>>> print(open('model_16.txt').read())   # compact mmCIF, C-alpha atoms
# COMPACT_ATOMS: atom_id res chain seq x y z
CA MET Y 121 -45.11 10.80 -25.30
CA PRO Y 122 -45.19 11.39 -21.58
CA ASP Y 123 -48.59 12.05 -20.09
CA GLN Y 124 -49.37 15.02 -17.92
CA LEU Y 125 -48.82 13.18 -14.67
CA GLU Y 126 -45.29 12.28 -15.68
CA GLN Y 127 -44.63 15.89 -16.58
CA SER Y 128 -46.19 17.07 -13.33
CA LEU Y 129 -43.97 14.63 -11.49
CA ARG Y 130 -40.87 15.95 -13.23
CA ASP Y 131 -41.87 19.53 -12.41
CA ALA Y 132 -42.66 18.71 -8.80
CA LEU Y 133 -39.34 16.94 -8.28
CA SER Y 134 -37.43 19.79 -9.89
CA GLN Y 135 -39.28 22.28 -7.73
CA ARG Y 136 -38.51 20.28 -4.62
CA ALA Y 137 -34.84 19.95 -5.56
CA ALA Y 138 -34.62 23.70 -6.11
CA GLN Y 139 -35.58 24.23 -2.49
CA LEU Y 140 -32.25 22.85 -1.30
CA ASP Y 141 -30.23 25.28 0.75
CA PRO Y 142 -27.33 26.50 -1.44
CA ASN Y 143 -25.18 26.41 1.67
CA SER Y 144 -25.44 22.62 1.60
CA ILE Y 145 -23.60 22.55 -1.69
CA ALA Y 146 -21.05 25.03 -0.38
CA ARG Y 147 -20.43 22.93 2.72
CA LEU Y 148 -20.02 19.74 0.73
CA SER Y 149 -17.77 21.46 -1.80
CA ALA Y 150 -15.42 22.58 0.96
CA ILE Y 151 -14.74 19.05 2.21
CA ASP Y 152 -11.56 17.21 1.27
CA TYR Y 153 -12.76 13.70 0.46
CA ARG Y 154 -9.37 12.26 -0.36
CA PRO Y 155 -8.30 9.26 1.67
CA ARG Y 156 -6.52 10.29 4.81
CA ARG Y 157 -3.36 8.31 4.36
CA ARG Y 158 0.26 9.23 4.49
CA ARG Y 159 1.54 9.98 1.08
CA VAL Y 160 5.13 11.04 1.29
CA GLY Y 161 7.02 10.54 -1.86
CA VAL Y 162 4.43 8.83 -3.99
CA VAL Y 163 3.95 6.41 -6.63
CA SER Y 164 2.17 4.62 -9.17
CA VAL Y 165 -0.92 4.34 -11.14
CA VAL Y 166 -1.55 1.49 -13.42
CA SER Y 167 -3.84 1.43 -16.37
CA ALA Y 168 -5.53 -1.78 -17.30
CA LEU Y 169 -4.93 -2.85 -20.86
CA GLY Y 170 -7.39 -5.67 -20.89
CA VAL Y 171 -7.87 -9.25 -19.94
CA ALA Y 172 -7.29 -11.84 -22.61
CA GLY Y 173 -9.66 -14.71 -22.32
CA ALA Y 174 -10.81 -13.93 -18.82
CA ALA Y 175 -14.46 -14.07 -17.95
CA ALA Y 176 -14.22 -11.28 -15.45
CA ALA Y 177 -12.37 -8.06 -15.96
CA LEU Y 178 -10.06 -6.92 -13.26
CA THR Y 179 -8.24 -3.70 -12.88
CA ALA Y 180 -5.86 -2.80 -10.16
CA VAL Y 181 -4.41 0.43 -9.05
CA PHE Y 182 -1.67 0.91 -6.56
CA ALA Y 183 -0.79 3.91 -4.57
CA LEU Y 184 2.39 3.51 -2.64
CA SER Y 185 4.15 6.00 -0.53
CA SER Y 186 7.45 5.50 1.10
CA GLY Y 187 8.80 7.53 3.95
CA ALA Y 188 12.07 7.17 5.73
CA ALA Y 189 12.50 3.41 5.51
CA PRO Y 190 14.06 2.36 2.21
CA ALA Y 191 13.55 -0.93 0.43
CA PHE Y 192 11.35 -2.51 3.07
CA ALA Y 193 14.00 -3.05 5.71
CA GLY Y 194 13.07 -5.81 8.13
CA TRP Y 195 10.82 -7.68 5.70
CA GLN Y 196 10.54 -11.43 6.35
CA ALA Y 197 9.80 -14.27 3.92
CA THR Y 198 7.79 -16.02 6.61
CA PRO Y 199 4.87 -14.29 8.32
CA THR Y 200 5.68 -13.01 11.80
CA SER Y 201 3.60 -12.28 14.85
CA PRO Y 202 2.58 -8.63 14.89
CA ALA Y 203 4.10 -6.39 17.51
CA PRO Y 204 1.75 -4.85 20.07
CA GLY Y 205 -0.28 -2.18 18.33
CA GLN Y 206 0.92 -3.14 14.86
CA LEU Y 207 -2.46 -4.35 13.64
CA ALA Y 208 -4.24 -1.35 15.10
CA HIS Y 209 -1.78 0.93 13.34
CA ALA Y 210 -2.35 -0.93 10.09
CA ALA Y 211 -6.12 -0.62 10.44
CA GLN Y 212 -5.74 3.08 11.06
CA ALA Y 213 -3.53 3.47 8.03
CA CYS Y 214 -5.99 1.63 5.83
CA GLY Y 215 -8.93 3.82 6.74
CA GLN Y 216 -11.79 3.32 9.12
CA ASP Y 217 -14.41 2.91 6.42
CA LEU Y 218 -13.10 -0.41 5.17
CA GLY Y 219 -14.44 -2.35 8.11
CA SER Y 220 -12.58 -5.34 9.48
CA PRO Y 221 -9.90 -7.05 7.41
CA LEU Y 222 -10.50 -10.57 6.16
CA ILE Y 223 -6.85 -11.43 6.54
CA THR Y 224 -3.75 -9.71 7.91
CA ASP Y 225 -0.21 -10.64 7.01
CA SER Y 226 2.63 -9.32 9.16
CA ARG Y 227 6.25 -9.50 8.05
CA GLY Y 228 8.54 -7.74 10.44
CA PRO Y 229 7.32 -4.15 10.80
CA TYR Y 230 4.93 -4.39 7.85
CA THR Y 231 1.31 -5.49 7.85
CA ALA Y 232 -0.72 -6.18 4.74
CA SER Y 233 -4.49 -6.58 4.99
CA ILE Y 234 -7.29 -7.53 2.64
CA TYR Y 235 -10.74 -5.98 2.80
CA ALA Y 236 -13.23 -7.37 0.34
CA ASP Y 237 -16.81 -7.93 -0.61
CA SER Y 238 -18.15 -10.09 -3.41
CA THR Y 239 -16.63 -8.04 -6.23
CA THR Y 240 -14.30 -5.43 -4.73
CA ARG Y 241 -10.99 -6.01 -3.04
CA ASP Y 242 -8.84 -3.53 -1.17
CA VAL Y 243 -5.34 -4.45 -0.11
CA CYS Y 244 -3.45 -2.21 2.28
CA LEU Y 245 0.15 -2.41 3.38
CA SER Y 246 1.72 -0.24 6.00
CA GLY Y 247 4.56 -0.08 8.45
CA ASN Y 248 8.02 1.38 8.91
CA GLY Y 249 7.13 4.53 7.03
CA VAL Y 250 5.55 2.78 4.09
CA SER Y 251 1.87 3.01 3.20
CA MET Y 252 0.33 1.29 0.18
CA SER Y 253 -3.20 0.72 -0.98
CA SER Y 254 -4.67 -1.25 -3.82
CA SER Y 255 -8.24 -1.51 -5.03
CA SER Y 256 -9.49 -3.95 -7.59
CA THR Y 257 -12.80 -5.19 -8.85
CA SER Y 258 -14.02 -8.22 -10.70
CA GLY Y 259 -17.14 -8.36 -12.78
CA ALA Y 260 -18.65 -11.19 -10.84
CA PRO Y 261 -18.10 -12.89 -7.52
CA VAL Y 262 -15.26 -15.37 -7.67
CA SER Y 263 -15.86 -18.95 -6.70
CA VAL Y 264 -12.87 -21.13 -5.95
CA ALA Y 265 -13.10 -24.91 -5.98
CA ALA Y 266 -12.01 -26.99 -3.02
CA GLY Y 267 -8.26 -27.38 -2.80
CA GLN Y 268 -7.58 -24.62 -5.30
CA ILE Y 269 -6.59 -21.00 -5.05
CA GLU Y 270 -7.29 -17.87 -7.02
CA LEU Y 271 -4.19 -16.52 -8.70
CA ASP Y 272 -3.95 -12.76 -8.65
CA GLY Y 273 -1.00 -10.51 -8.30
CA ASP Y 274 0.35 -7.05 -8.76
CA GLY Y 275 3.65 -5.31 -8.78
CA THR Y 276 4.67 -1.72 -8.64
CA ARG Y 277 7.50 0.62 -7.83
CA ASP Y 278 7.66 4.12 -6.52
CA SER Y 279 9.67 7.06 -7.72
CA ALA Y 280 12.22 6.46 -4.95
CA GLY Y 281 13.00 3.06 -6.36
CA ASN Y 282 11.10 0.94 -3.86
CA VAL Y 283 9.51 -1.99 -5.60
CA LEU Y 284 7.17 -4.67 -4.37
CA THR Y 285 5.29 -7.64 -5.71
CA LEU Y 286 2.12 -8.92 -4.10
CA VAL Y 287 0.05 -12.04 -4.65
CA ASP Y 288 -3.25 -12.71 -3.03
CA GLY Y 289 -6.57 -14.37 -3.62
CA ARG Y 290 -9.30 -16.58 -2.32
CA THR Y 291 -8.65 -20.16 -1.30
CA GLY Y 292 -10.97 -23.07 -1.81
CA ALA Y 293 -12.11 -25.29 1.02
CA GLY Y 294 -9.41 -27.44 2.57
CA VAL Y 295 -6.43 -25.26 1.71
CA THR Y 296 -4.23 -25.07 4.79
CA ALA Y 297 -1.02 -23.50 3.46
CA VAL Y 298 0.29 -21.69 0.40
CA THR Y 299 3.93 -21.17 -0.42
CA ILE Y 300 4.92 -18.94 -3.30
CA GLU Y 301 7.86 -20.08 -5.37
CA ARG Y 302 9.70 -17.32 -7.16
CA SER Y 303 11.70 -17.12 -10.35
CA ASP Y 304 15.01 -16.84 -8.47
CA GLY Y 305 14.41 -20.16 -6.73
CA SER Y 306 13.50 -18.68 -3.38
CA SER Y 307 10.09 -18.97 -1.76
CA VAL Y 308 7.78 -16.89 0.38
CA GLN Y 309 5.27 -18.40 2.75
CA ALA Y 310 1.82 -16.85 2.45
CA THR Y 311 -0.55 -16.15 5.26
CA VAL Y 312 -3.71 -18.26 4.88
CA ALA Y 313 -6.86 -17.39 6.80
CA ASN Y 314 -10.59 -17.02 6.36
CA GLY Y 315 -10.58 -18.31 2.81
CA TRP Y 316 -7.79 -16.03 1.61
CA TYR Y 317 -4.04 -16.12 1.15
CA LEU Y 318 -1.67 -13.21 0.97
CA ALA Y 319 2.05 -12.79 0.41
CA TRP Y 320 4.29 -10.01 -0.79
CA TRP Y 321 7.94 -9.25 -1.12
CA PRO Y 322 10.25 -6.41 -2.01
CA GLY Y 323 11.43 -6.31 -5.59
CA THR Y 324 10.24 -7.61 -8.90
CA VAL Y 325 11.16 -11.26 -8.64
CA ALA Y 326 8.20 -12.96 -10.24
CA ALA Y 327 5.90 -15.52 -8.68
CA THR Y 328 6.21 -18.68 -10.72
CA ASN Y 329 4.36 -21.35 -8.77
CA ALA Y 330 2.19 -21.76 -5.73
CA GLU Y 331 2.49 -24.85 -3.59
CA VAL Y 332 -1.00 -25.42 -2.27
CA THR Y 333 -1.31 -27.71 0.73
CA THR Y 334 -4.46 -29.58 1.68
CA ALA Y 335 -5.13 -32.57 3.89
CA SER Y 336 -4.19 -34.82 1.00
CA GLY Y 337 -0.81 -33.18 0.60
CA PRO Y 338 0.79 -30.43 -1.46
CA SER Y 339 0.20 -29.68 -5.12
CA THR Y 340 1.82 -27.12 -7.35
CA VAL Y 341 0.09 -24.69 -9.69
CA ALA Y 342 1.71 -22.18 -12.00
CA PHE Y 343 1.11 -18.46 -11.91
CA PRO Y 344 0.42 -16.80 -15.24
CA SER Y 345 3.64 -15.60 -16.74
CA THR Y 346 4.21 -11.87 -16.68
CA PRO Y 347 5.17 -10.68 -20.14
CA ALA Y 348 7.76 -8.03 -20.71
CA LEU Y 349 6.28 -4.65 -20.09
CA PRO Y 350 5.15 -2.95 -23.29
CA ALA Y 351 5.45 0.67 -24.21
CA PRO Y 352 4.33 2.83 -21.29
CA ARG Y 353 0.75 3.95 -21.02
CA CYS Y 354 -0.38 6.36 -18.39
CA PRO Y 355 -3.69 8.08 -17.70
CA SER Y 356 -3.75 11.59 -19.05
CA GLY Y 357 -2.39 14.05 -16.57
CA ALA Y 358 -1.17 11.42 -14.14
CA HIS Y 359 2.26 10.44 -12.95
CA CYS Y 360 2.85 6.76 -13.16
CA ALA Y 361 5.45 4.21 -12.31
CA ALA Y 362 5.89 0.74 -13.66
CA GLY Y 363 3.48 -1.91 -12.51
CA TYR Y 364 1.67 -4.99 -13.60
CA SER Y 365 -1.08 -7.25 -12.51
CA PHE Y 366 -2.20 -10.65 -13.56
CA GLY Y 367 -5.04 -12.98 -12.84
CA GLY Y 368 -8.53 -11.80 -13.59
CA GLY Y 369 -10.68 -13.43 -11.01
CA GLY Y 370 -10.11 -17.00 -12.13
CA THR Y 371 -8.55 -19.84 -10.24
CA HIS Y 372 -5.46 -21.64 -11.40
CA SER Y 373 -7.65 -24.00 -13.34
CA ALA Y 374 -9.22 -21.13 -15.27
CA GLY Y 375 -6.28 -20.77 -17.56
CA GLN Y 376 -3.35 -18.50 -18.03
CA SER Y 377 -5.10 -15.27 -18.81
CA THR Y 378 -2.95 -12.31 -18.08
CA THR Y 379 -3.81 -8.74 -17.41
CA LEU Y 380 -0.86 -6.58 -18.14
CA VAL Y 381 -0.92 -3.26 -16.48
CA HIS Y 382 1.79 -0.81 -17.12
CA SER Y 383 2.42 2.85 -16.85
CA SER Y 384 5.26 5.25 -17.08
CA SER Y 385 6.70 8.08 -15.06
CA ALA Y 386 5.81 10.57 -17.72
CA GLY Y 387 3.31 13.33 -17.26
CA SER Y 388 2.89 16.18 -14.90
CA SER Y 389 0.93 17.04 -11.85
CA ARG Y 390 0.63 19.85 -9.44
CA MET M 162 9.27 19.40 -6.23
CA ALA M 163 5.79 18.72 -7.44
CA HIS M 164 3.84 15.88 -5.94
CA ARG M 165 3.67 12.86 -8.15
CA GLY M 166 1.62 9.75 -8.53
CA LEU M 167 -1.66 9.55 -6.67
CA TYR M 168 -1.87 13.28 -6.24
CA GLY M 169 -1.89 13.67 -9.99
CA VAL M 170 -4.48 10.95 -10.30
CA MET M 171 -6.71 12.67 -7.76
CA ASP M 172 -6.63 16.00 -9.56
CA ASP M 173 -9.64 15.14 -11.69
CA PHE M 174 -11.55 13.93 -8.64
CA ASP M 175 -12.01 17.57 -7.70
CA GLU M 176 -13.41 18.22 -11.15
CA PHE M 177 -15.72 15.25 -10.74
CA VAL M 178 -17.02 16.59 -7.43
CA ALA M 179 -17.51 20.06 -8.86
CA GLY M 180 -19.44 18.70 -11.81
CA ASN M 181 -21.62 16.19 -10.00
CA LEU M 182 -22.08 17.30 -6.43
CA GLU M 183 -25.27 19.27 -6.95
CA GLN M 184 -27.02 16.51 -8.86
CA LEU M 185 -25.97 13.88 -6.31
CA LEU M 186 -27.19 16.05 -3.46
CA LYS M 187 -30.52 16.72 -5.14
CA THR M 188 -30.97 13.04 -5.84
CA ALA M 189 -30.27 12.14 -2.23
CA TYR M 190 -32.56 14.90 -1.04
CA LEU M 191 -35.46 13.78 -3.21
CA ILE M 192 -35.14 10.18 -2.05
CA THR M 193 -34.55 10.86 1.64
CA TRP M 194 -36.85 13.90 1.65
CA ASP M 195 -34.53 15.31 4.34
CA ALA M 196 -31.79 17.86 3.57
CA GLY M 197 -29.63 16.97 6.56
CA GLU M 198 -29.66 13.27 5.84
CA ALA M 199 -28.97 13.93 2.19
CA GLU M 200 -25.95 16.03 3.02
CA ASP M 201 -24.52 13.37 5.32
CA LEU M 202 -25.08 10.61 2.80
CA VAL M 203 -23.54 12.53 -0.10
CA GLN M 204 -20.49 13.16 2.04
CA GLU M 205 -20.23 9.46 2.84
CA CYS M 206 -20.70 8.62 -0.82
CA LEU M 207 -17.93 10.94 -1.97
CA VAL M 208 -15.53 9.57 0.63
CA LYS M 209 -16.13 6.10 -0.78
CA VAL M 210 -15.73 7.28 -4.35
CA ALA M 211 -12.53 9.15 -3.47
CA ARG M 212 -11.02 6.08 -1.89
CA ARG M 213 -11.51 4.19 -5.11
CA TRP M 214 -11.04 7.09 -7.47
CA PRO M 215 -7.89 5.75 -9.16
CA ARG M 216 -10.09 2.91 -10.40
CA VAL M 217 -13.36 4.79 -10.76
CA ARG M 218 -11.82 7.47 -12.97
CA GLY M 219 -11.15 4.84 -15.58
CA MET M 220 -14.76 3.72 -15.73
CA ALA M 221 -16.95 4.64 -18.65
CA GLN M 222 -19.47 6.32 -16.32
CA PRO M 223 -17.94 7.50 -13.03
CA ARG M 224 -21.13 9.47 -12.40
CA ALA M 225 -23.22 6.31 -12.65
CA TYR M 226 -20.90 4.56 -10.21
CA ALA M 227 -21.22 7.40 -7.71
CA ARG M 228 -24.98 7.49 -8.14
CA ARG M 229 -25.19 3.77 -7.45
CA ILE M 230 -23.08 4.13 -4.31
CA LEU M 231 -25.24 7.01 -3.17
CA VAL M 232 -28.59 5.34 -3.74
CA ASN M 233 -27.41 2.21 -1.96
CA LEU M 234 -26.29 4.31 0.98
CA VAL M 235 -29.61 6.13 1.04
CA LEU M 236 -31.65 2.96 0.91
CA ASP M 237 -29.44 1.15 3.42
CA ASP M 238 -29.78 4.08 5.77
CA ALA M 239 -33.52 4.32 5.23
CA GLY M 240 -33.91 0.58 5.62
CA GLY M 241 -32.16 0.67 8.95
CA ARG M 242 -34.36 3.46 10.18
CA ALA M 243 -37.50 1.76 8.87
CA ARG M 244 -36.59 -1.50 10.55
CA ARG M 245 -35.99 0.33 13.78
CA ARG M 246 -39.46 1.77 13.44
CA GLY M 247 -40.88 -1.60 12.51
CA GLU M 248 -41.92 -0.38 9.10
CA LEU M 249 -42.01 -2.30 5.87
CA ASP M 250 -40.53 -1.12 2.59
CA GLY M 251 -42.11 -3.31 0.01
CA ALA M 252 -43.87 -2.88 -3.26
CA LEU M 253 -44.41 0.50 -4.81
CA VAL M 254 -47.80 1.50 -3.50
CA VAL M 255 -49.08 4.54 -1.73
CA ALA M 256 -49.68 3.88 1.92
CA ASP M 257 -53.10 2.70 2.97
CA GLY M 258 -55.14 3.86 5.91
CA PRO M 259 -54.82 7.40 7.24
CA ALA M 260 -52.01 8.25 4.86
CA ARG M 261 -54.13 7.07 1.92
CA ASP M 262 -56.96 9.26 3.07
CA LEU M 263 -54.70 12.30 3.04
CA LEU M 264 -54.05 11.75 -0.65
CA VAL M 265 -57.66 11.99 -1.70
CA GLY M 266 -58.55 15.02 -3.76
CA LEU M 267 -55.07 16.32 -4.38
CA GLU M 268 -54.89 18.86 -7.14
CA THR M 269 -51.79 20.98 -6.89
CA ARG M 270 -48.10 20.41 -7.34
CA ALA M 271 -47.64 20.97 -3.62
CA GLU M 272 -50.09 18.21 -2.97
CA LEU M 273 -48.25 15.99 -5.39
CA LEU M 274 -45.14 16.63 -3.33
CA ASP M 275 -47.06 15.68 -0.23
CA ALA M 276 -48.04 12.45 -1.92
CA LEU M 277 -44.45 11.77 -2.86
CA ALA M 278 -43.35 12.44 0.68
CA ARG M 279 -45.58 9.63 1.85
CA LEU M 280 -43.89 7.07 -0.34
CA THR M 281 -41.08 5.03 1.13
CA PRO M 282 -37.52 5.97 0.13
CA ARG M 283 -37.29 2.95 -2.15
CA GLN M 284 -40.54 3.86 -3.83
CA ARG M 285 -39.36 7.42 -4.31
CA ALA M 286 -36.00 6.19 -5.59
CA VAL M 287 -37.65 4.56 -8.58
CA LEU M 288 -39.53 7.72 -9.48
CA VAL M 289 -36.60 10.04 -8.76
CA LEU M 290 -34.20 8.03 -10.89
CA ARG M 291 -36.71 7.78 -13.73
CA TYR M 292 -38.22 11.27 -13.69
CA PHE M 293 -35.60 13.50 -12.08
CA ASN M 294 -32.38 11.85 -13.23
CA ASP M 295 -34.04 10.82 -16.50
CA LEU M 296 -32.56 7.35 -16.36
CA THR M 297 -33.90 4.59 -18.51
CA GLU M 298 -35.54 1.58 -16.96
CA ALA M 299 -32.36 -0.41 -17.53
CA GLN M 300 -30.19 2.27 -15.94
CA THR M 301 -32.54 2.56 -13.00
CA ALA M 302 -32.49 -1.19 -12.58
CA GLU M 303 -28.71 -1.18 -12.52
CA VAL M 304 -28.67 1.45 -9.79
CA LEU M 305 -31.21 -0.39 -7.68
CA GLY M 306 -29.85 -3.86 -8.32
CA CYS M 307 -33.06 -5.24 -9.74
CA SER M 308 -34.39 -6.17 -13.16
CA PRO M 309 -35.67 -3.61 -15.70
CA GLY M 310 -39.00 -5.39 -15.52
CA THR M 311 -39.22 -4.71 -11.82
CA VAL M 312 -38.46 -1.05 -12.40
CA LYS M 313 -41.05 -0.84 -15.15
CA SER M 314 -43.78 -2.43 -13.10
CA SER M 315 -42.88 -0.46 -9.97
CA ALA M 316 -42.88 2.85 -11.82
CA SER M 317 -46.15 1.98 -13.57
CA ARG M 318 -47.82 1.05 -10.32
CA GLY M 319 -46.54 4.17 -8.67
CA LEU M 320 -47.70 6.43 -11.47
CA ALA M 321 -51.04 4.68 -11.59
CA ARG M 322 -51.48 5.17 -7.91
CA LEU M 323 -50.52 8.81 -8.08
CA ARG M 324 -52.80 9.28 -11.10
CA GLU M 325 -55.60 7.75 -9.13
CA VAL M 326 -55.21 10.13 -6.22
CA LEU M 327 -54.49 13.09 -8.48
CA ALA M 328 -57.58 12.68 -10.60
CA PRO M 329 -58.05 16.46 -11.08
CA ILE M 330 -54.91 16.47 -13.22
CA PRO M 331 -56.26 15.39 -16.60
CA ASN M 332 -54.67 12.43 -18.27
CA PRO M 333 -54.65 12.76 -22.06
CA THR M 334 -55.53 9.11 -22.39
CA ARG M 335 -58.76 9.82 -20.57
CA GLU M 336 -59.65 13.16 -22.11
CA LEU M 337 -61.59 11.75 -24.98
>>> encode(input="model_16.txt", output="structure tokens")
Amino acid sequence: MPDQLEQSLRDALSQRAAQLDPNSIARLSAIDYRPRRRRVGVVSVVSALGVAGAAAALTAVFALSSGAAPAFAGWQATPTSPAPGQLAHAAQACGQDLGSPLITDSRGPYTASIYADSTTRDVCLSGNGVSMSSSSTSGAPVSVAAGQIELDGDGTRDSAGNVLTLVDGRTGAGVTAVTIERSDGSSVQATVANGWYLAWWPGTVAATNAEVTTASGPSTVAFPSTPALPAPRCPSGAHCAAGYSFGGGGTHSAGQSTTLVHSSSAGSSR
Amino acid sequence: MAHRGLYGVMDDFDEFVAGNLEQLLKTAYLITWDAGEAEDLVQECLVKVARRWPRVRGMAQPRAYARRILVNLVLDDAGGRARRRGELDGALVVADGPARDLLVGLETRAELLDALARLTPRQRAVLVLRYFNDLTEAQTAEVLGCSPGTVKSSASRGLARLREVLAPIPNPTREL
């Protein structure tokens, strides 16, 4: 049973709170807090179905908007040098509150960037009329052993038919290069910097292996397989497109746990 | 044609704001003890929550997530200001010296508020989360990023200190 001081404290705090100017609430209610990003067209939402066998849960949500440029025209399989102003434009598109990116990956007119702290990761992609953002969290900070890489990835498509697949993660000490091998036999060179790697490509061709290069030479690790998408699930009231993610905060040595994320285009919105 | 995708996902963010704004603002106000700062910090908090709303909306307790963001912002902001003033923000104790003297003989609720105002933001945060937001020790610990034991001892020390300076308010445990 609370003593009188505790009750007095509750009363005093309530009394103090009641002194707030009602106009403060009105002012805050009138603000549009939504991220100031271009959203023409629109896209996807993915709903995490769970992580089998993974120590840390990870969910990922993509929001992709595509403007005039269809199907990522000008995309390159090898990172390119950014054009003047390209990185500044990408930073602007990603939002000022994310701070400085840990890694930027430019491919033709597109720039993808990772912003992260110990448990939260934001990936932004912009350029040529396209703007995409992704936010994911893991339950605990990820530690990657020397010479290894974290295997995470996502894929999504928008209602206009634009589809992309993205892989990214932390790299252990000594990793100098990462090349993503895909299921069609082609490969995409990742950008590696500041303990991270990042690569993406148009379409749904799956990442099968990563060739990880260290001073002792290259080694190959397999990405978790991406199962066939199950029956669509979509958050109530939301519009969704197909998507998936895999990984779960582990490194390639942590097993083949797979997070399958999928949603449908059903539902309605304003 | 209706907007699709993220716009639909963000629809319930407006409902979240409508349902939680007042409580978040009051919480910030009680910890900062300054209406203007509280307003700024709640705005910053909601911008952060909005940016991650597609993920946050799927959490079991979106309100708890927002509260944690807010309290961290408040304490980060207060910590910066305190450091600039060369102040310390340590254990939950009422200030010594002149401030301590001002607490002697308090009897009224207004004086209790004065006593609270002299606590540091982190000290107030413990009491606000426990006695205004009615969080458990475990929930308070999660918000503050410390152990439940730390919350328990901090709240006990704070209450004991307030009880000491508010002696005119009878404590049932002492009435006999």
>>> atom_distance(input="model_16.txt", atom1="CA of Tyr226 in chain M", atom2="CA of Ser263 in chain Y")
24.3 Å
>>> closest_residue(input="model_16.txt", among="M:Val312, M:Arg322, M:Ala189, M:Leu273", to="Ala299 in chain M", atoms="all atoms listed in the file")
M:Val312
>>> closest_residue(input="model_16.txt", among="M:Arg318, M:Arg224, M:Arg324, M:Arg229", to="chain Y", atoms="only C-alpha atoms")
M:Arg324
>>> residues_near_point(input="model_16.txt", point="(-37.3, 5.2, -3.6)", cutoff="10 Å", atoms="only C-alpha atoms", output="list in words")
Ala189, Leu191, Ile192, Thr193, Val232, Val235, Leu236, Ala239, Asp250, Leu253, Leu277, Leu280, Thr281, Pro282, Arg283, Gln284, Arg285, Ala286, Val287, Leu288, Val289, Leu290 and Leu305 of chain M
>>> residues_around(input="model_16.txt", residues="Phe293 in chain M", least_positions_apart="4", cutoff="12 Å", atoms="all atoms listed in the file", output="list of chain:residue names")
Y:Glu126, Y:Gln127, Y:Ser128, Y:Leu129, Y:Arg130, Y:Asp131, Y:Ala132, Y:Leu133, Y:Ser134, Y:Gln135, Y:Arg136, Y:Ala137, Y:Ala138, M:Gln184, M:Leu185, M:Lys187, M:Thr188, M:Ala189, M:Tyr190, M:Leu191, M:Ile192, M:Arg285, M:Ala286, M:Val287, M:Leu288, M:Val289, M:Thr297, M:Thr301
>>> atom_distance(input="model_16.txt", atom1="CA of Gly319 in chain M", atom2="CA of Asp275 in chain M")
14.3 Å
>>> closest_residue(input="model_16.txt", among="M:Asn233, M:Ser315, M:Asn294, M:Gln222", to="chain Y", atoms="all atoms listed in the file")
M:Asn294
>>> closest_residue(input="model_16.txt", among="Y:Val298, Y:Ala330, Y:Val250, Y:Ala213", to="Tyr317 in chain Y", atoms="all atoms listed in the file")
Y:Val298
>>> atom_distance(input="model_16.txt", atom1="CA of Thr328 in chain Y", atom2="CA of Ala310 in chain Y")
14.0 Å
>>> closest_residue(input="model_16.txt", among="Y:Thr198, Y:Ala193, Y:Val243, Y:Leu284", to="chain M", atoms="only C-alpha atoms")
Y:Val243
>>> residues_near_point(input="model_16.txt", point="(-26.4, 10.5, 4.4)", cutoff="6 Å", atoms="all atoms listed in the file", output="ChimeraX atom specification")
/M:198-203
>>> closest_residue(input="model_16.txt", among="M:Ala221, M:Leu274, M:Thr311, M:Ala227", to="chain Y", atoms="only C-alpha atoms")
M:Leu274
>>> residues_around(input="model_16.txt", residues="Ser246 in chain Y", least_positions_apart="4", cutoff="6 Å", atoms="all atoms listed in the file", output="number ranges by chain")
Y: 210, 230-231, 250-251
>>> residues_around(input="model_16.txt", residues="Ile145 in chain Y", least_positions_apart="4", cutoff="8 Å", atoms="only C-alpha atoms", output="list in words")
Asp141 and Ser149 of chain Y; Leu182, Glu183 and Leu186 of chain M
>>> residues_around(input="model_16.txt", residues="Cys206 in chain M", least_positions_apart="6", cutoff="9 Å", atoms="all atoms listed in the file", output="list in words")
Ala227, Arg228, Ile230, Leu231 and Leu234 of chain M
>>> write_last_selection(input="model_16.txt", atoms="C-alpha atoms", output="short mmCIF file (atom, residue, chain, number, x, y, z; two decimals), in the frame of the given file")
data_model
loop_
_atom_site.label_atom_id
_atom_site.label_comp_id
_atom_site.auth_asym_id
_atom_site.auth_seq_id
_atom_site.Cartn_x
_atom_site.Cartn_y
_atom_site.Cartn_z
CA ALA M 227 -21.22 7.40 -7.71
CA ARG M 228 -24.98 7.49 -8.14
CA ILE M 230 -23.08 4.13 -4.31
CA LEU M 231 -25.24 7.01 -3.17
CA LEU M 234 -26.29 4.31 0.98
#
>>> decode(input="model_16.txt", residues="range 122-127 of chain Y", atoms="N, CA and C atoms", output="tab-separated table (two decimals), in the first residue's frame")
chain	number	residue	atom	x	y	z
Y	122	PRO	N	0.66	2.14	-0.94
Y	122	PRO	CA	1.52	3.31	-1.01
Y	122	PRO	C	1.35	4.19	0.21
Y	123	ASP	N	2.44	4.78	0.67
Y	123	ASP	CA	2.32	5.67	1.81
Y	123	ASP	C	1.88	7.05	1.35
Y	124	GLN	N	1.72	7.94	2.29
Y	124	GLN	CA	1.15	9.24	1.94
Y	124	GLN	C	2.09	10.07	1.08
Y	125	LEU	N	3.37	9.90	1.28
Y	125	LEU	CA	4.31	10.67	0.46
Y	125	LEU	C	4.19	10.26	-1.00
Y	126	GLU	N	4.08	8.95	-1.25
Y	126	GLU	CA	3.94	8.51	-2.63
Y	126	GLU	C	2.66	9.09	-3.23
Y	127	GLN	N	1.59	9.10	-2.46
Y	127	GLN	CA	0.35	9.65	-2.98
Y	127	GLN	C	0.48	11.15	-3.19
